[in-house]
$ cat model_35.cif   # mmCIF, C-alpha atoms and all ligand atoms; chains and numbers go by the auth columns
data_coords
#
loop_
_atom_site.group_PDB
_atom_site.id
_atom_site.type_symbol
_atom_site.label_atom_id
_atom_site.label_comp_id
_atom_site.label_asym_id
_atom_site.label_seq_id
_atom_site.Cartn_x
_atom_site.Cartn_y
_atom_site.Cartn_z
_atom_site.B_iso_or_equiv
_atom_site.auth_seq_id
_atom_site.auth_asym_id
ATOM 1 C CA MET A 1 -78.340 63.297 -59.718 0.00 21 F
ATOM 2 C CA GLY A 2 -78.656 64.124 -56.039 0.00 22 F
ATOM 3 C CA PRO A 3 -76.906 65.337 -52.893 0.00 23 F
ATOM 4 C CA SER A 4 -73.876 63.704 -51.299 0.00 24 F
ATOM 5 C CA GLY A 5 -74.221 60.229 -49.828 0.00 25 F
ATOM 6 C CA VAL A 6 -77.515 59.145 -51.427 0.00 26 F
ATOM 7 C CA GLY A 7 -75.862 56.362 -53.447 0.00 27 F
ATOM 8 C CA LYS A 8 -75.040 57.920 -56.835 0.00 28 F
ATOM 9 C CA SER A 9 -71.549 56.419 -57.139 0.00 29 F
ATOM 10 C CA PHE A 10 -72.806 53.117 -55.703 0.00 30 F
ATOM 11 C CA LEU A 11 -75.517 52.865 -58.382 0.00 31 F
ATOM 12 C CA ALA A 12 -73.169 53.973 -61.191 0.00 32 F
ATOM 13 C CA ALA A 13 -70.518 51.435 -60.107 0.00 33 F
ATOM 14 C CA GLY A 14 -73.187 48.708 -60.071 0.00 34 F
ATOM 15 C CA LEU A 15 -74.321 49.595 -63.601 0.00 35 F
ATOM 16 C CA CYS A 16 -70.687 49.587 -64.740 0.00 36 F
ATOM 17 C CA ALA A 17 -70.055 46.163 -63.136 0.00 37 F
ATOM 18 C CA ASP A 18 -73.206 44.752 -64.767 0.00 38 F
ATOM 19 C CA ALA A 19 -72.067 46.023 -68.170 0.00 39 F
ATOM 20 C CA ILE A 20 -68.644 44.395 -67.694 0.00 40 F
ATOM 21 C CA HIS A 21 -70.268 41.079 -66.701 0.00 41 F
ATOM 22 C CA LYS A 22 -72.354 41.248 -69.860 0.00 42 F
ATOM 23 C CA GLY A 23 -69.149 41.557 -71.896 0.00 43 F
ATOM 24 C CA TYR A 24 -69.159 45.292 -72.632 0.00 44 F
ATOM 25 C CA LYS A 25 -66.087 47.470 -72.358 0.00 45 F
ATOM 26 C CA ALA A 26 -67.073 49.700 -69.451 0.00 46 F
ATOM 27 C CA TYR A 27 -64.925 52.005 -67.322 0.00 47 F
ATOM 28 C CA PHE A 28 -65.599 53.911 -64.108 0.00 48 F
ATOM 29 C CA ARG A 29 -63.671 57.195 -63.785 0.00 49 F
ATOM 30 C CA THR A 30 -64.104 60.328 -61.719 0.00 50 F
ATOM 31 C CA MET A 31 -64.253 63.582 -63.614 0.00 51 F
ATOM 32 C CA GLU A 32 -60.849 64.494 -62.120 0.00 52 F
ATOM 33 C CA GLU A 33 -59.375 61.315 -63.613 0.00 53 F
ATOM 34 C CA ILE A 34 -60.859 62.011 -67.045 0.00 54 F
ATOM 35 C CA ILE A 35 -59.542 65.573 -66.990 0.00 55 F
ATOM 36 C CA SER A 36 -56.099 64.360 -65.950 0.00 56 F
ATOM 37 C CA VAL A 37 -56.033 61.764 -68.762 0.00 57 F
ATOM 38 C CA LEU A 38 -57.043 64.407 -71.323 0.00 58 F
ATOM 39 C CA LYS A 39 -54.343 66.752 -70.044 0.00 59 F
ATOM 40 C CA MET A 40 -51.550 64.150 -69.895 0.00 60 F
ATOM 41 C CA ARG A 41 -52.354 61.926 -72.873 0.00 61 F
ATOM 42 C CA ASP A 42 -49.581 63.424 -75.043 0.00 62 F
ATOM 43 C CA PHE A 43 -47.024 63.267 -72.234 0.00 63 F
ATOM 44 C CA THR A 44 -47.320 59.948 -70.411 0.00 64 F
ATOM 45 C CA ARG A 45 -47.772 56.442 -71.695 0.00 65 F
ATOM 46 C CA THR A 46 -50.275 55.603 -68.945 0.00 66 F
ATOM 47 C CA ALA A 47 -52.532 58.513 -69.840 0.00 67 F
ATOM 48 C CA SER A 48 -52.219 57.794 -73.538 0.00 68 F
ATOM 49 C CA ALA A 49 -53.174 54.121 -72.993 0.00 69 F
ATOM 50 C CA ASP A 50 -56.115 55.065 -70.801 0.00 70 F
ATOM 51 C CA TYR A 51 -57.284 57.630 -73.352 0.00 71 F
ATOM 52 C CA LYS A 52 -57.235 54.956 -76.076 0.00 72 F
ATOM 53 C CA ARG A 53 -59.137 52.553 -73.818 0.00 73 F
ATOM 54 C CA LEU A 54 -61.794 55.174 -73.112 0.00 74 F
ATOM 55 C CA THR A 55 -62.256 56.080 -76.771 0.00 75 F
ATOM 56 C CA LYS A 56 -63.021 52.405 -77.510 0.00 76 F
ATOM 57 C CA ALA A 57 -65.386 51.940 -74.577 0.00 77 F
ATOM 58 C CA ASN A 58 -69.024 50.931 -74.833 0.00 78 F
ATOM 59 C CA LEU A 59 -69.784 52.645 -71.519 0.00 79 F
ATOM 60 C CA ILE A 60 -67.979 55.331 -69.549 0.00 80 F
ATOM 61 C CA VAL A 61 -69.071 56.306 -66.057 0.00 81 F
ATOM 62 C CA ILE A 62 -68.048 59.854 -65.159 0.00 82 F
ATOM 63 C CA ASP A 63 -68.443 60.098 -61.406 0.00 83 F
ATOM 64 C CA ASP A 64 -68.992 63.482 -59.757 0.00 84 F
ATOM 65 C CA ILE A 65 -69.077 65.593 -62.884 0.00 85 F
ATOM 66 C CA MET A 66 -68.852 69.314 -62.077 0.00 86 F
ATOM 67 C CA LEU A 67 -68.100 68.791 -58.403 0.00 87 F
ATOM 68 C CA PHE A 68 -65.316 71.367 -58.655 0.00 88 F
ATOM 69 C CA PRO A 69 -64.887 74.389 -60.922 0.00 89 F
ATOM 70 C CA VAL A 70 -62.989 73.494 -64.100 0.00 90 F
ATOM 71 C CA GLN A 71 -60.480 75.707 -65.909 0.00 91 F
ATOM 72 C CA LYS A 72 -61.422 76.818 -69.415 0.00 92 F
ATOM 73 C CA GLU A 73 -58.800 74.703 -71.177 0.00 93 F
ATOM 74 C CA GLN A 74 -59.864 71.579 -69.286 0.00 94 F
ATOM 75 C CA ALA A 75 -63.525 72.312 -69.943 0.00 95 F
ATOM 76 C CA VAL A 76 -62.794 72.538 -73.671 0.00 96 F
ATOM 77 C CA ASN A 77 -60.887 69.222 -73.523 0.00 97 F
ATOM 78 C CA LEU A 78 -63.798 67.580 -71.732 0.00 98 F
ATOM 79 C CA PHE A 79 -66.263 68.963 -74.260 0.00 99 F
ATOM 80 C CA ASN A 80 -64.180 67.725 -77.212 0.00 100 F
ATOM 81 C CA PHE A 81 -63.841 64.306 -75.625 0.00 101 F
ATOM 82 C CA ILE A 82 -67.588 63.907 -75.061 0.00 102 F
ATOM 83 C CA ASN A 83 -68.432 65.469 -78.416 0.00 103 F
ATOM 84 C CA GLN A 84 -66.224 62.918 -80.143 0.00 104 F
ATOM 85 C CA LEU A 85 -67.779 59.936 -78.355 0.00 105 F
ATOM 86 C CA TYR A 86 -71.398 60.668 -77.505 0.00 106 F
ATOM 87 C CA GLU A 87 -72.941 59.235 -80.679 0.00 107 F
ATOM 88 C CA ASN A 88 -71.353 55.810 -80.153 0.00 108 F
ATOM 89 C CA THR A 89 -70.618 55.527 -76.450 0.00 109 F
ATOM 90 C CA SER A 90 -73.008 55.264 -73.519 0.00 110 F
ATOM 91 C CA PHE A 91 -72.357 57.508 -70.544 0.00 111 F
ATOM 92 C CA VAL A 92 -73.479 57.267 -66.957 0.00 112 F
ATOM 93 C CA ILE A 93 -72.763 60.496 -65.147 0.00 113 F
ATOM 94 C CA THR A 94 -73.292 61.324 -61.502 0.00 114 F
ATOM 95 C CA THR A 95 -73.537 64.864 -60.207 0.00 115 F
ATOM 96 C CA ASN A 96 -74.730 66.839 -57.224 0.00 116 F
ATOM 97 C CA LYS A 97 -75.131 69.995 -59.306 0.00 117 F
ATOM 98 C CA MET A 98 -78.296 70.944 -61.138 0.00 118 F
ATOM 99 C CA PRO A 99 -77.591 71.428 -64.855 0.00 119 F
ATOM 100 C CA ALA A 100 -78.312 75.145 -64.366 0.00 120 F
ATOM 101 C CA ASP A 101 -75.247 75.320 -62.086 0.00 121 F
ATOM 102 C CA TRP A 102 -72.924 73.723 -64.643 0.00 122 F
ATOM 103 C CA ALA A 103 -72.322 77.040 -66.357 0.00 123 F
ATOM 104 C CA LYS A 104 -70.865 78.377 -63.078 0.00 124 F
ATOM 105 C CA MET A 105 -68.548 75.378 -62.723 0.00 125 F
ATOM 106 C CA LEU A 106 -67.354 75.722 -66.323 0.00 126 F
ATOM 107 C CA ASP A 107 -67.353 79.511 -66.159 0.00 127 F
ATOM 108 C CA ASP A 108 -68.873 79.481 -69.644 0.00 128 F
ATOM 109 C CA GLU A 109 -72.570 79.307 -70.406 0.00 129 F
ATOM 110 C CA VAL A 110 -72.181 78.460 -74.096 0.00 130 F
ATOM 111 C CA LEU A 111 -69.824 75.570 -73.369 0.00 131 F
ATOM 112 C CA ALA A 112 -72.050 74.299 -70.537 0.00 132 F
ATOM 113 C CA THR A 113 -75.119 74.350 -72.796 0.00 133 F
ATOM 114 C CA ALA A 114 -73.243 72.557 -75.578 0.00 134 F
ATOM 115 C CA LEU A 115 -71.947 69.915 -73.162 0.00 135 F
ATOM 116 C CA LEU A 116 -75.365 69.422 -71.590 0.00 136 F
ATOM 117 C CA GLY A 117 -76.932 69.081 -75.031 0.00 137 F
ATOM 118 C CA ARG A 118 -74.629 66.137 -75.798 0.00 138 F
ATOM 119 C CA LEU A 119 -75.034 64.483 -72.414 0.00 139 F
ATOM 120 C CA LEU A 120 -78.778 64.944 -72.082 0.00 140 F
ATOM 121 C CA PHE A 121 -79.321 63.706 -75.635 0.00 141 F
ATOM 122 C CA ARG A 122 -81.534 60.585 -75.244 0.00 142 F
ATOM 123 C CA CYS A 123 -80.762 60.448 -71.529 0.00 143 F
ATOM 124 C CA GLU A 124 -82.627 59.057 -68.538 0.00 144 F
ATOM 125 C CA ILE A 125 -82.368 61.147 -65.391 0.00 145 F
ATOM 126 C CA ILE A 126 -82.415 59.312 -62.074 0.00 146 F
ATOM 127 C CA ASN A 127 -83.005 61.723 -59.229 0.00 147 F
ATOM 128 C CA LEU A 128 -81.869 60.363 -55.877 0.00 148 F
ATOM 129 C CA SER A 129 -82.960 62.082 -52.713 0.00 149 F
ATOM 130 C CA GLY A 130 -83.325 61.323 -49.023 0.00 150 F
ATOM 131 C CA LYS A 131 -80.798 60.985 -46.252 0.00 151 F
ATOM 132 C CA SER A 132 -77.138 60.258 -46.759 0.00 152 F
ATOM 133 C CA TYR A 133 -76.224 56.579 -46.401 0.00 153 F
ATOM 134 C CA ARG A 134 -72.865 57.764 -45.103 0.00 154 F
ATOM 135 C CA MET A 135 -74.463 59.458 -42.095 0.00 155 F
ATOM 136 C CA LYS A 136 -76.792 56.495 -41.601 0.00 156 F
ATOM 137 C CA ASN A 137 -73.836 54.109 -41.555 0.00 157 F
ATOM 138 C CA ARG A 138 -72.047 56.405 -39.115 0.00 158 F
ATOM 139 C CA LYS A 139 -75.072 56.515 -36.806 0.00 159 F
ATOM 140 C CA ALA A 140 -75.369 52.728 -36.776 0.00 160 F
ATOM 141 C CA PHE A 141 -71.661 52.568 -35.936 0.00 161 F
ATOM 142 C CA PHE A 142 -72.011 54.895 -32.950 0.00 162 F
ATOM 143 C CA GLU A 143 -75.124 53.131 -31.704 0.00 163 F
ATOM 144 C CA GLN A 144 -73.206 49.866 -31.800 0.00 164 F
ATOM 145 C CA GLU A 145 -70.298 51.396 -29.908 0.00 165 F
ATOM 146 C CA ASN A 146 -72.474 52.690 -27.038 0.00 166 F
HETATM 147 N N1 LIG B . -78.718 51.328 -51.588 0.00 1 S
HETATM 148 C C1 LIG B . -77.774 51.341 -50.635 0.00 1 S
HETATM 149 N N2 LIG B . -77.862 50.573 -49.544 0.00 1 S
HETATM 150 C C2 LIG B . -76.900 50.607 -48.584 0.00 1 S
HETATM 151 N N3 LIG B . -75.784 51.375 -48.635 0.00 1 S
HETATM 152 C C3 LIG B . -75.644 52.163 -49.702 0.00 1 S
HETATM 153 C C4 LIG B . -76.620 52.199 -50.767 0.00 1 S
HETATM 154 N N4 LIG B . -76.216 53.106 -51.699 0.00 1 S
HETATM 155 C C5 LIG B . -75.045 53.588 -51.245 0.00 1 S
HETATM 156 N N5 LIG B . -74.697 53.030 -50.061 0.00 1 S
HETATM 157 C C6 LIG B . -73.483 53.330 -49.285 0.00 1 S
HETATM 158 O O1 LIG B . -73.578 54.687 -48.863 0.00 1 S
HETATM 159 C C7 LIG B . -72.333 55.366 -49.002 0.00 1 S
HETATM 160 C C8 LIG B . -72.510 56.558 -49.920 0.00 1 S
HETATM 161 O O2 LIG B . -72.850 56.123 -51.243 0.00 1 S
HETATM 162 P P1 LIG B . -72.239 56.823 -52.538 0.00 1 S
HETATM 163 O O3 LIG B . -72.677 56.043 -53.700 0.00 1 S
HETATM 164 O O4 LIG B . -70.760 57.015 -52.351 0.00 1 S
HETATM 165 O O5 LIG B . -72.978 58.235 -52.468 0.00 1 S
HETATM 166 P P2 LIG B . -72.823 59.497 -53.442 0.00 1 S
HETATM 167 O O6 LIG B . -71.968 59.099 -54.582 0.00 1 S
HETATM 168 O O7 LIG B . -74.233 59.853 -53.830 0.00 1 S
HETATM 169 O O8 LIG B . -72.206 60.592 -52.598 0.00 1 S
HETATM 170 C C9 LIG B . -71.355 54.333 -49.531 0.00 1 S
HETATM 171 O O9 LIG B . -70.607 53.824 -48.455 0.00 1 S
HETATM 172 C C10 LIG B . -72.238 53.275 -50.157 0.00 1 S
HETATM 173 O O10 LIG B . -71.622 52.016 -50.112 0.00 1 S
HETATM 174 MG MG MG B . -70.133 59.807 -55.173 0.00 2 S
#

$ encode --input "model_35.cif" --output "structure tokens"
Amino acid sequence: MGPSGVGKSFLAAGLCADAIHKGYKAYFRTMEEIISVLKMRDFTRTASADYKRLTKANLIVIDDIMLFPVQKEQAVNLFNFINQLYENTSFVITTNKMPADWAKMLDDEVLATALLGRLLFRCEIINLSGKSYRMKNRKAFFEQEN
């Protein structure tokens, strides 16, 4: 959890890579990708295959959860997906929204609370703060140029 550029995706990708090296079935997806797979799984073979892969995963990284507002139907799909898997699958999620703001993104407080309950169940929260690495990298780039 933390603002943009502090290394959330970097850390999540590293954890995912470590899990793969240890022989686990681990997948890194953005929330947009997950939502698209859930929407298209009955219509395209690619989405259906990816859905099956995800349901058999040991670890799923959902990057940038709740970055954008989600339509009700998609929010329900996401809830059902996580509800079906959370007892047996590990999740790493990254977000720049405080859980209290999730209800706004989902436009539904009950659904947001239910989703949070599943995701925060036995979870560890890593709060990242500080300056954006992106801006730091940019600054170094300009200093080099001058
Ligand atoms: N610990 C780190 N040391 C150096 N660079 C980092 C570190 N963590 C992240 N970065 C770099 O900073 C940039 C932003 O990181 P990212 O993980 O995309 O941030 P976030 O997902 O929090 O917005 C990326 O280019 C990433 O490679
Ligand atoms: Mg990110």

$ residues_near_ligand --input "model_35.cif" --ligand "ligand LIG 1 (chain S)" --cutoff "7 Å" --atoms "only C-alpha atoms and all ligand atoms" --output "number ranges by chain"
F: 22-31, 152-154

$ resolve_selection --input "model_35.cif" --expression "the PyMOL selection byres (((chain F and resi 89-95) around 12) and not hetatm)" --output "PyMOL selection string"
chain F and resi 51-60+84-88+96-103+117+121-132+134-135

$ atom_distance --input "model_35.cif" --atom1 "CA of Ser68 (chain F)" --atom2 "CA of Phe48 (chain F)"
16.8 Å

$ residues_around --input "model_35.cif" --residues "Met21 (chain F)" --least-positions-apart "4" --cutoff "9 Å" --atoms "all atoms listed in the file" --output "MDAnalysis selection string"
chainID F and resid 28 113:118 145:149

$ resolve_selection --input "model_35.cif" --expression "the PyMOL selection byres (((chain F and resi 139-142) around 8) and not hetatm)" --output "list in words"
Ile102, Tyr106, Phe111, Leu135, Leu136, Gly137, Arg138, Cys143 and Glu144 of chain F

$ residues_around --input "model_35.cif" --residues "Ala77 (chain F)" --least-positions-apart "4" --cutoff "12 Å" --atoms "only C-alpha atoms" --output "list in words"
Cys36, Ala39, Ile40, Gly43, Tyr44, Lys45, Ala46, Tyr47, Phe48, Asp70, Tyr71, Lys72, Arg73, Val81, Leu105, Tyr106, Asn108, Thr109, Ser110 and Phe111 of chain F

$ axis_aligned_box --input "model_35.cif" --around "region 130-142 of chain F" --padding-each-side "5 Å" --output "AutoDock Vina command-line options"
--center_x -75.7 --center_y 69.5 --center_z -73.2 --size_x 21.7 --size_y 27.9 --size_z 15.3

$ closest_residue --input "model_35.cif" --among "F:His41, F:Lys159, F:Ile82, F:Leu35" --to "ligand MG 2 (chain S)" --atoms "all atoms listed in the file"
F:Ile82

$ closest_residue --input "model_35.cif" --among "F:Ala67, F:Asp83, F:Asn78, F:Thr133" --to "ligand MG 2 (chain S)" --atoms "only C-alpha atoms and all ligand atoms"
F:Asp83

$ atom_distance --input "model_35.cif" --atom1 "CA of Thr75 (chain F)" --atom2 "CA of Gln104 (chain F)"
8.6 Å

$ atom_distance --input "model_35.cif" --atom1 "CA of Ala120 (chain F)" --atom2 "CA of Ala32 (chain F)"
22.0 Å
